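Structure file target.tsv (TSV, C-alpha atoms) follows.
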```tsv
chain	number	residue	atom	x	y	z
A	20	MET	CA	9.04	2.17	42.36
A	21	LYS	CA	6.94	4.56	40.29
A	22	ILE	CA	5.69	3.58	36.84
A	23	LEU	CA	4.74	5.80	33.89
A	24	VAL	CA	2.61	4.09	31.25
A	25	GLY	CA	1.82	5.59	27.86
A	26	VAL	CA	-1.73	5.33	26.51
A	27	LYS	CA	-2.78	6.39	23.02
A	28	ARG	CA	-6.22	7.09	21.60
A	29	VAL	CA	-6.61	5.37	18.22
A	30	VAL	CA	-9.35	4.25	15.85
A	31	ASP	CA	-10.92	1.13	17.35
A	32	TYR	CA	-9.36	-2.06	15.98
A	33	ALA	CA	-12.76	-3.37	14.85
A	34	VAL	CA	-13.58	-0.31	12.72
A	35	LYS	CA	-13.16	-0.44	8.95
A	36	VAL	CA	-11.37	2.82	8.24
A	37	ARG	CA	-12.16	5.07	5.30
A	38	VAL	CA	-9.61	7.18	3.51
A	39	GLY	CA	-10.30	10.80	2.66
A	40	ALA	CA	-8.35	13.64	1.08
A	41	ASP	CA	-6.33	14.28	4.27
A	42	GLY	CA	-5.74	10.65	5.23
A	43	VAL	CA	-7.86	8.31	7.32
A	44	ASN	CA	-11.26	9.84	8.07
A	45	LEU	CA	-11.54	10.33	11.84
A	46	LYS	CA	-14.96	11.99	11.94
A	47	ASN	CA	-17.72	10.03	13.69
A	48	VAL	CA	-15.41	7.05	14.09
A	49	LYS	CA	-15.24	4.97	17.25
A	50	MET	CA	-11.96	5.59	19.07
A	51	SER	CA	-10.48	3.49	21.87
A	52	LEU	CA	-7.34	2.70	23.82
A	53	ASN	CA	-4.58	1.31	21.60
A	54	PRO	CA	-4.50	-2.49	22.22
A	55	PHE	CA	-0.74	-2.58	22.88
A	56	CYS	CA	-1.05	0.35	25.29
A	57	GLU	CA	-3.80	-1.62	27.03
A	58	ILE	CA	-1.30	-4.45	27.52
A	59	ALA	CA	1.20	-1.94	28.95
A	60	VAL	CA	-1.43	-0.68	31.41
A	61	GLU	CA	-2.24	-4.23	32.50
A	62	GLU	CA	1.44	-5.00	33.10
A	63	ALA	CA	1.89	-1.82	35.13
A	64	VAL	CA	-1.13	-2.67	37.29
A	65	LYS	CA	0.07	-6.26	37.72
A	66	LEU	CA	3.45	-4.97	38.94
A	67	LYS	CA	1.65	-2.70	41.38
A	68	GLU	CA	-0.36	-5.65	42.69
A	69	ASN	CA	2.88	-7.61	43.19
A	70	LYS	CA	3.99	-6.54	46.68
A	71	ALA	CA	7.56	-7.55	45.90
A	72	ALA	CA	7.74	-4.82	43.24
A	73	ASN	CA	6.95	-2.16	45.85
A	74	VAL	CA	5.20	0.07	43.28
A	75	SER	CA	4.01	3.28	44.90
A	76	GLU	CA	2.09	4.72	41.95
A	77	VAL	CA	1.14	4.07	38.32
A	78	VAL	CA	0.71	7.22	36.22
A	79	ALA	CA	-0.96	7.09	32.79
A	80	LEU	CA	0.17	9.62	30.17
A	81	SER	CA	-1.63	10.46	26.93
A	82	VAL	CA	-0.90	13.00	24.18
A	83	GLY	CA	-3.72	14.26	21.99
A	84	PRO	CA	-7.06	16.10	21.85
A	85	LYS	CA	-9.47	16.60	24.74
A	86	GLN	CA	-11.10	13.24	24.00
A	87	CYS	CA	-7.93	11.61	25.33
A	88	GLN	CA	-9.46	12.20	28.75
A	89	GLU	CA	-11.79	9.29	27.98
A	90	THR	CA	-8.80	7.10	27.10
A	91	LEU	CA	-7.10	8.06	30.33
A	92	ARG	CA	-10.27	7.22	32.29
A	93	THR	CA	-10.14	3.73	30.77
A	94	ALA	CA	-6.58	3.29	32.04
A	95	LEU	CA	-7.60	4.65	35.44
A	96	ALA	CA	-10.52	2.21	35.58
A	97	MET	CA	-8.08	-0.63	34.90
A	98	GLY	CA	-6.03	0.38	37.95
A	99	CYS	CA	-3.78	3.35	37.21
A	100	ASP	CA	-3.67	5.88	40.06
A	101	ARG	CA	-3.77	9.16	38.14
A	102	GLY	CA	-3.40	10.56	34.67
A	103	ILE	CA	-1.51	13.21	32.74
A	104	HIS	CA	-2.98	14.66	29.55
A	105	ILE	CA	-0.77	16.63	27.17
A	106	SER	CA	-3.32	18.52	25.13
A	107	THR	CA	-2.90	19.23	21.41
A	108	ASP	CA	-5.27	19.50	18.48
A	109	LEU	CA	-2.72	17.97	16.11
A	110	ARG	CA	-3.59	14.59	14.61
A	111	THR	CA	-1.63	11.88	16.41
A	112	ASP	CA	-1.76	9.23	13.65
A	113	TYR	CA	1.58	10.39	12.15
A	114	MET	CA	-0.09	12.89	9.82
A	115	GLU	CA	0.70	15.87	12.07
A	116	LEU	CA	2.22	14.77	15.41
A	117	GLN	CA	4.94	12.20	14.93
A	118	SER	CA	6.85	9.76	17.12
A	119	ASP	CA	9.92	11.93	17.68
A	120	ALA	CA	7.85	14.78	19.12
A	121	VAL	CA	5.81	12.40	21.31
A	122	ALA	CA	8.99	10.84	22.73
A	123	LYS	CA	10.36	14.31	23.53
A	124	LEU	CA	7.10	15.24	25.27
A	125	PHE	CA	7.41	12.08	27.38
A	126	GLN	CA	11.00	13.09	28.16
A	127	LYS	CA	9.91	16.56	29.28
A	128	VAL	CA	7.21	15.13	31.53
A	129	ILE	CA	9.75	12.85	33.22
A	130	GLU	CA	12.36	15.58	33.60
A	131	GLU	CA	10.04	18.41	34.68
A	132	LYS	CA	6.86	16.91	36.16
A	133	GLU	CA	7.55	13.33	37.27
A	134	LYS	CA	11.21	13.24	38.25
A	135	ASP	CA	10.99	10.03	40.29
A	136	ILE	CA	9.88	7.66	37.51
A	137	HIS	CA	11.67	4.29	37.64
A	138	LEU	CA	9.99	2.42	34.79
A	139	VAL	CA	8.24	3.47	31.59
A	140	LEU	CA	5.88	0.98	29.93
A	141	VAL	CA	4.47	1.65	26.46
A	142	GLY	CA	2.91	-0.47	23.75
A	143	LYS	CA	5.31	-1.81	21.16
A	144	GLN	CA	3.42	0.20	18.52
A	145	ALA	CA	0.17	2.02	17.84
A	146	ILE	CA	-2.27	0.41	15.42
A	147	ASP	CA	-2.78	3.69	13.52
A	148	SER	CA	0.79	4.64	12.58
A	149	ASP	CA	2.48	1.27	13.33
A	150	CYS	CA	5.76	3.12	13.94
A	151	GLY	CA	6.95	1.50	17.17
A	152	GLN	CA	9.36	4.39	17.74
A	153	VAL	CA	8.26	6.22	20.89
A	154	GLY	CA	9.69	3.71	23.38
A	155	PRO	CA	13.14	3.34	21.77
A	156	ALA	CA	13.39	7.10	21.09
A	157	LEU	CA	12.49	7.93	24.69
A	158	ALA	CA	15.09	5.48	25.99
A	159	GLY	CA	17.67	7.17	23.76
A	160	TYR	CA	16.75	10.69	24.91
A	161	MET	CA	16.83	9.63	28.57
A	162	SER	CA	19.98	7.47	28.16
A	163	TRP	CA	18.06	4.62	29.82
A	164	PRO	CA	18.27	0.90	28.97
A	165	GLN	CA	15.38	-0.46	26.92
A	166	CYS	CA	13.71	-3.78	26.24
A	167	THR	CA	11.42	-3.89	23.22
A	168	PHE	CA	8.71	-6.40	22.24
A	169	ALA	CA	8.48	-7.77	25.78
A	170	SER	CA	6.53	-11.02	26.17
A	171	LYS	CA	7.45	-11.55	29.85
A	172	VAL	CA	8.64	-9.17	32.55
A	173	ASP	CA	10.03	-10.41	35.88
A	174	LEU	CA	11.62	-8.59	38.80
A	175	ASP	CA	15.32	-9.33	39.24
A	176	GLY	CA	16.87	-7.62	42.25
A	177	ASP	CA	17.07	-3.90	41.51
A	178	GLY	CA	16.33	-4.50	37.84
A	179	LEU	CA	14.28	-6.60	35.44
A	180	LEU	CA	14.53	-9.84	33.51
A	181	VAL	CA	12.67	-9.39	30.22
A	182	GLU	CA	11.86	-12.02	27.63
A	183	ARG	CA	11.38	-10.39	24.25
A	184	GLU	CA	10.02	-11.51	20.89
A	185	THR	CA	12.41	-11.90	17.95
A	186	ASP	CA	12.01	-13.13	14.38
A	187	SER	CA	13.52	-16.47	15.36
A	188	GLY	CA	11.83	-16.96	18.74
A	189	THR	CA	12.55	-15.16	22.01
A	190	GLU	CA	15.57	-13.92	23.91
A	191	THR	CA	16.02	-12.88	27.54
A	192	ILE	CA	17.58	-9.55	28.48
A	193	LYS	CA	18.70	-8.56	31.95
A	194	VAL	CA	18.34	-4.94	33.04
A	195	PRO	CA	20.69	-4.71	36.06
A	196	LYS	CA	19.19	-1.55	37.47
A	197	LEU	CA	16.25	0.75	36.87
A	198	PRO	CA	15.20	3.21	35.40
A	199	ALA	CA	14.36	1.61	32.07
A	200	VAL	CA	11.89	1.65	29.18
A	201	VAL	CA	9.94	-1.48	28.19
A	202	THR	CA	7.70	-1.81	25.12
A	203	CYS	CA	4.96	-4.42	25.46
A	204	ASP	CA	4.11	-7.10	22.90
A	205	LEU	CA	0.90	-9.05	22.38
A	206	ARG	CA	1.76	-12.16	24.41
A	207	LEU	CA	2.83	-10.30	27.55
A	208	ASN	CA	-0.60	-10.56	29.19
A	209	THR	CA	-4.36	-10.47	28.71
A	210	PRO	CA	-5.76	-7.07	29.77
A	211	ARG	CA	-8.52	-7.12	32.37
A	212	TYR	CA	-11.98	-5.70	31.85
A	213	ALA	CA	-12.72	-2.63	33.91
A	214	THR	CA	-15.51	-3.35	36.39
A	215	LEU	CA	-18.39	-0.92	36.88
A	216	PRO	CA	-17.25	0.08	40.40
A	217	ASN	CA	-13.76	0.83	39.08
A	218	ILE	CA	-15.20	2.82	36.18
A	219	MET	CA	-17.09	4.95	38.69
A	220	LYS	CA	-13.97	5.36	40.86
A	221	ALA	CA	-11.93	6.39	37.80
A	222	LYS	CA	-14.15	9.46	37.36
A	223	LYS	CA	-12.84	10.82	40.66
A	224	LYS	CA	-9.15	10.14	40.01
A	225	LYS	CA	-6.90	13.10	39.25
A	226	VAL	CA	-5.91	13.98	35.69
A	227	ASP	CA	-3.44	16.84	35.20
A	228	THR	CA	-3.66	18.63	31.86
A	229	TYR	CA	-0.84	20.56	30.17
A	230	LYS	CA	-0.67	22.13	26.74
A	231	ALA	CA	1.93	20.58	24.45
A	232	GLU	CA	3.35	24.04	23.69
A	233	GLU	CA	4.30	24.48	27.38
A	234	PHE	CA	7.19	22.03	27.06
A	235	GLY	CA	9.10	23.82	24.32
A	236	VAL	CA	9.21	20.76	22.06
A	237	ASP	CA	9.37	21.19	18.28
A	238	LEU	CA	6.10	19.66	17.08
A	239	GLU	CA	6.69	20.27	13.38
A	240	VAL	CA	6.30	17.31	11.04
A	241	LYS	CA	9.66	15.79	10.11
A	242	ASN	CA	8.37	13.30	7.53
A	243	LYS	CA	5.61	14.51	5.23
A	244	VAL	CA	3.01	11.93	4.21
A	245	LEU	CA	2.45	12.40	0.49
A	246	GLU	CA	-0.47	10.06	-0.02
A	247	VAL	CA	-2.75	7.71	1.89
A	248	TYR	CA	-4.82	5.21	-0.07
A	249	GLU	CA	-6.87	2.10	0.53
A	250	PRO	CA	-5.36	-1.23	-0.57
A	251	PRO	CA	-6.93	-2.79	-3.66
A	252	SER	CA	-9.86	-5.07	-2.92
A	253	ARG	CA	-9.10	-8.79	-3.01
A	254	LYS	CA	-10.65	-10.96	-5.69
A	255	GLU	CA	-13.17	-13.52	-4.57
A	256	GLY	CA	-11.66	-16.93	-3.92
A	257	ILE	CA	-12.83	-20.23	-5.34
A	258	LEU	CA	-13.37	-23.72	-3.93
A	259	VAL	CA	-11.69	-26.70	-5.58
A	260	ASP	CA	-12.79	-30.33	-5.45
A	261	ASP	CA	-9.47	-31.96	-4.63
A	262	VAL	CA	-5.75	-31.45	-4.02
A	263	ASP	CA	-4.80	-32.22	-7.64
A	264	THR	CA	-7.00	-29.39	-8.89
A	265	LEU	CA	-5.49	-27.04	-6.31
A	266	ILE	CA	-1.94	-27.91	-7.36
A	267	ASP	CA	-2.86	-27.50	-11.03
A	268	LYS	CA	-4.25	-23.99	-10.43
A	269	LEU	CA	-1.28	-22.96	-8.29
A	270	ARG	CA	1.11	-24.17	-10.98
A	271	ASN	CA	-0.63	-23.14	-14.19
A	272	GLU	CA	-2.81	-20.17	-13.21
A	273	ALA	CA	-1.13	-18.54	-10.23
A	274	SER	CA	2.40	-19.62	-11.22
A	275	VAL	CA	3.48	-19.80	-7.59
A	276	ILE	CA	4.88	-23.35	-7.77
A	277	GLN	CA	6.80	-25.20	-10.45
```
Would you put the structure from the file into structure tokens?
Amino acid sequence: MKILVGVKRVVDYAVKVRVGADGVNLKNVKMSLNPFCEIAVEEAVKLKENKAANVSEVVALSVGPKQCQETLRTALAMGCDRGIHISTDLRTDYMELQSDAVAKLFQKVIEEKEKDIHLVLVGKQAIDSDCGQVGPALAGYMSWPQCTFASKVDLDGDGLLVERETDSGTETIKVPKLPAVVTCDLRLNTPRYATLPNIMKAKKKKVDTYKAEEFGVDLEVKNKVLEVYEPPSRKEGILVDDVDTLIDKLRNEASVIQ
């Protein structure tokens, strides 16, 4: 089995973003591997470590500017075997390069460069655009089965048994036969820290680079973002002395209870 895992470079989750005239300001901002993509990488590496899965190779794929090489090196340090970088100077936070185009680029890579992929693992969403569309769109373009919001992935014969998150709990879906696309949710695993020796080894692993224009995919924006603005600041809270005072304020000042 050969696994393709998507990794996206996003603003670090701990950074307080600032909004400028053209959206979120990305200059001099710490960028890192999208947390949900990190979970997807960990699951791919865990499957490779499971001898029963018979995983021959884990390939990390990233779309974005040249700095995505650093993101790919993080995935390689975690255990991926090699990387593929689709280079573009377009912003990847939905302002310029959107989910539909990214899914089609993934499709082209599978059809033209990596024809023996059996499983695609991606994060359920990116923390910049929060779209959660690349995985399902790719499954649709490839006519492959998909399991979204996966919280547990088990081997099941020639396929997978996937437990997925829902609004009312979880449900289990059986994929009878691969290939398939799985999007990874928060509770699927806890990503490992890359050790210093593996970070050094990652520098020597192969990363193939292609220009996005080579694949003949329409990269034009389909949905134009009209405005990006910061949410209003929250008012400072107050401390109350007892429950009766709290209930009185909720009823008479906030009007949230009757």
Name the closest residue to Asp112 of chain A among the candidates A:Met50, A:Val29, A:Leu205, A:Ile22; distances are taken between atoms, counting only C-alpha atoms. A:Val29
Would you please work out which residue, of A:Ile136, A:Ile146, A:Leu124, A:Leu66, is nearest to Lys27 of chain A when using all atoms listed in the file?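 When distances to Lys27 of chain A are compared using all atoms listed in the file, the smallest one comes from A:Ile146.
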Would you mind listing what lies within 9 Å of segment 226-228 of chain A as a PyMOL selection string, with only C-alpha atoms counted and same-chain residues fewer than 3 positions away left out? chain A and resi 79+88+91-92+101-106
Counting all atoms listed in the file, closest pick from A:Thr90, A:Thr189, A:Thr202, A:Ser162 relative to Leu140 of chain A is A:Thr202
Which of these, A:Tyr160, A:Tyr32, A:Tyr229, A:Phe168, has the shortest distance to Lys49 of chain A once you count all atoms listed in the file? A:Tyr32
Which residue, A:Arg110, A:Lys143, A:Lys67, A:Lys127, has the smallest gap to Gly83 of chain A when you use all atoms listed in the file? A:Arg110
If we count all atoms listed in the file, what is near Ala169 of chain A at a cut-off of 8 Å, once residues fewer than 6 positions away on the same chain are taken out, given as a short mmCIF file (atom, residue, chain, number, x, y, z; two decimals) with C-alpha atoms, in the frame of the given file?
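The file below, out_21.cif, is the result:
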```cif
data_model
loop_
_atom_site.label_atom_id
_atom_site.label_comp_id
_atom_site.auth_asym_id
_atom_site.auth_seq_id
_atom_site.Cartn_x
_atom_site.Cartn_y
_atom_site.Cartn_z
CA VAL A 181 12.67 -9.39 30.22
CA GLU A 182 11.86 -12.02 27.63
CA ARG A 183 11.38 -10.39 24.25
CA GLU A 184 10.02 -11.51 20.89
CA VAL A 201 9.94 -1.48 28.19
CA THR A 202 7.70 -1.81 25.12
CA CYS A 203 4.96 -4.42 25.46
CA ASP A 204 4.11 -7.10 22.90
CA LEU A 207 2.83 -10.30 27.55
#
```
Quick one, how far is atom CA of Met114 of chain A from atom CA of Asn44 of chain A? 11.7 Å
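If you measure from each of A:Leu238, A:Met97, A:Met20, A:Ala156 to Ala122 of chain A using only C-alpha atoms, the closest one turns out to be A:Ala156.
Atom CA of Gly188 of chain A lies 25.3 Å from atom CA of Gly159 of chain A.
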Computed interatomic separation between atom CA of Ile58 of chain A and atom CA of Glu239 of chain A (Å):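 Separation of atom CA of Ile58 of chain A and atom CA of Glu239 of chain A: 29.6 Å.
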7 Å contact set for Ala59 of chain A, all atoms listed in the file, chain neighbours under 3 positions out, as a list in words: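 Counting all atoms listed in the file, the residues come to Val24, Phe55, Cys56, Glu62, Ala63, Leu140, Val141, Gly142 and Cys203 of chain A.
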Please write as a PyMOL selection string the list of polymer residues whose atoms come within 12 Å of (-2.0, 10.0, 1.6), counting all atoms listed in the file and keeping to the coordinates of the file. chain A and resi 37-44+113-114+243-250
Taking 3 positions as the minimum chain separation for residues in the same chain, which residues sit within 9 Å of Ile218 of chain A when counting all atoms listed in the file? Answer as a PyMOL selection string. chain A and resi 92-93+95-97+213-215+221-222
Residues within 10 Å of Gln152 of chain A, please, as a CSV table (one decimal) with C-alpha atoms, in the frame of the given file. Count all atoms listed in the file; anything in the same chain fewer than 5 positions from it doesn't count.
```csv
chain,number,residue,atom,x,y,z
A,117,GLN,CA,4.9,12.2,14.9
A,118,SER,CA,6.8,9.8,17.1
A,119,ASP,CA,9.9,11.9,17.7
A,121,VAL,CA,5.8,12.4,21.3
A,122,ALA,CA,9.0,10.8,22.7
A,143,LYS,CA,5.3,-1.8,21.2
A,144,GLN,CA,3.4,0.2,18.5
A,145,ALA,CA,0.2,2.0,17.8
A,157,LEU,CA,12.5,7.9,24.7
A,202,THR,CA,7.7,-1.8,25.1
```
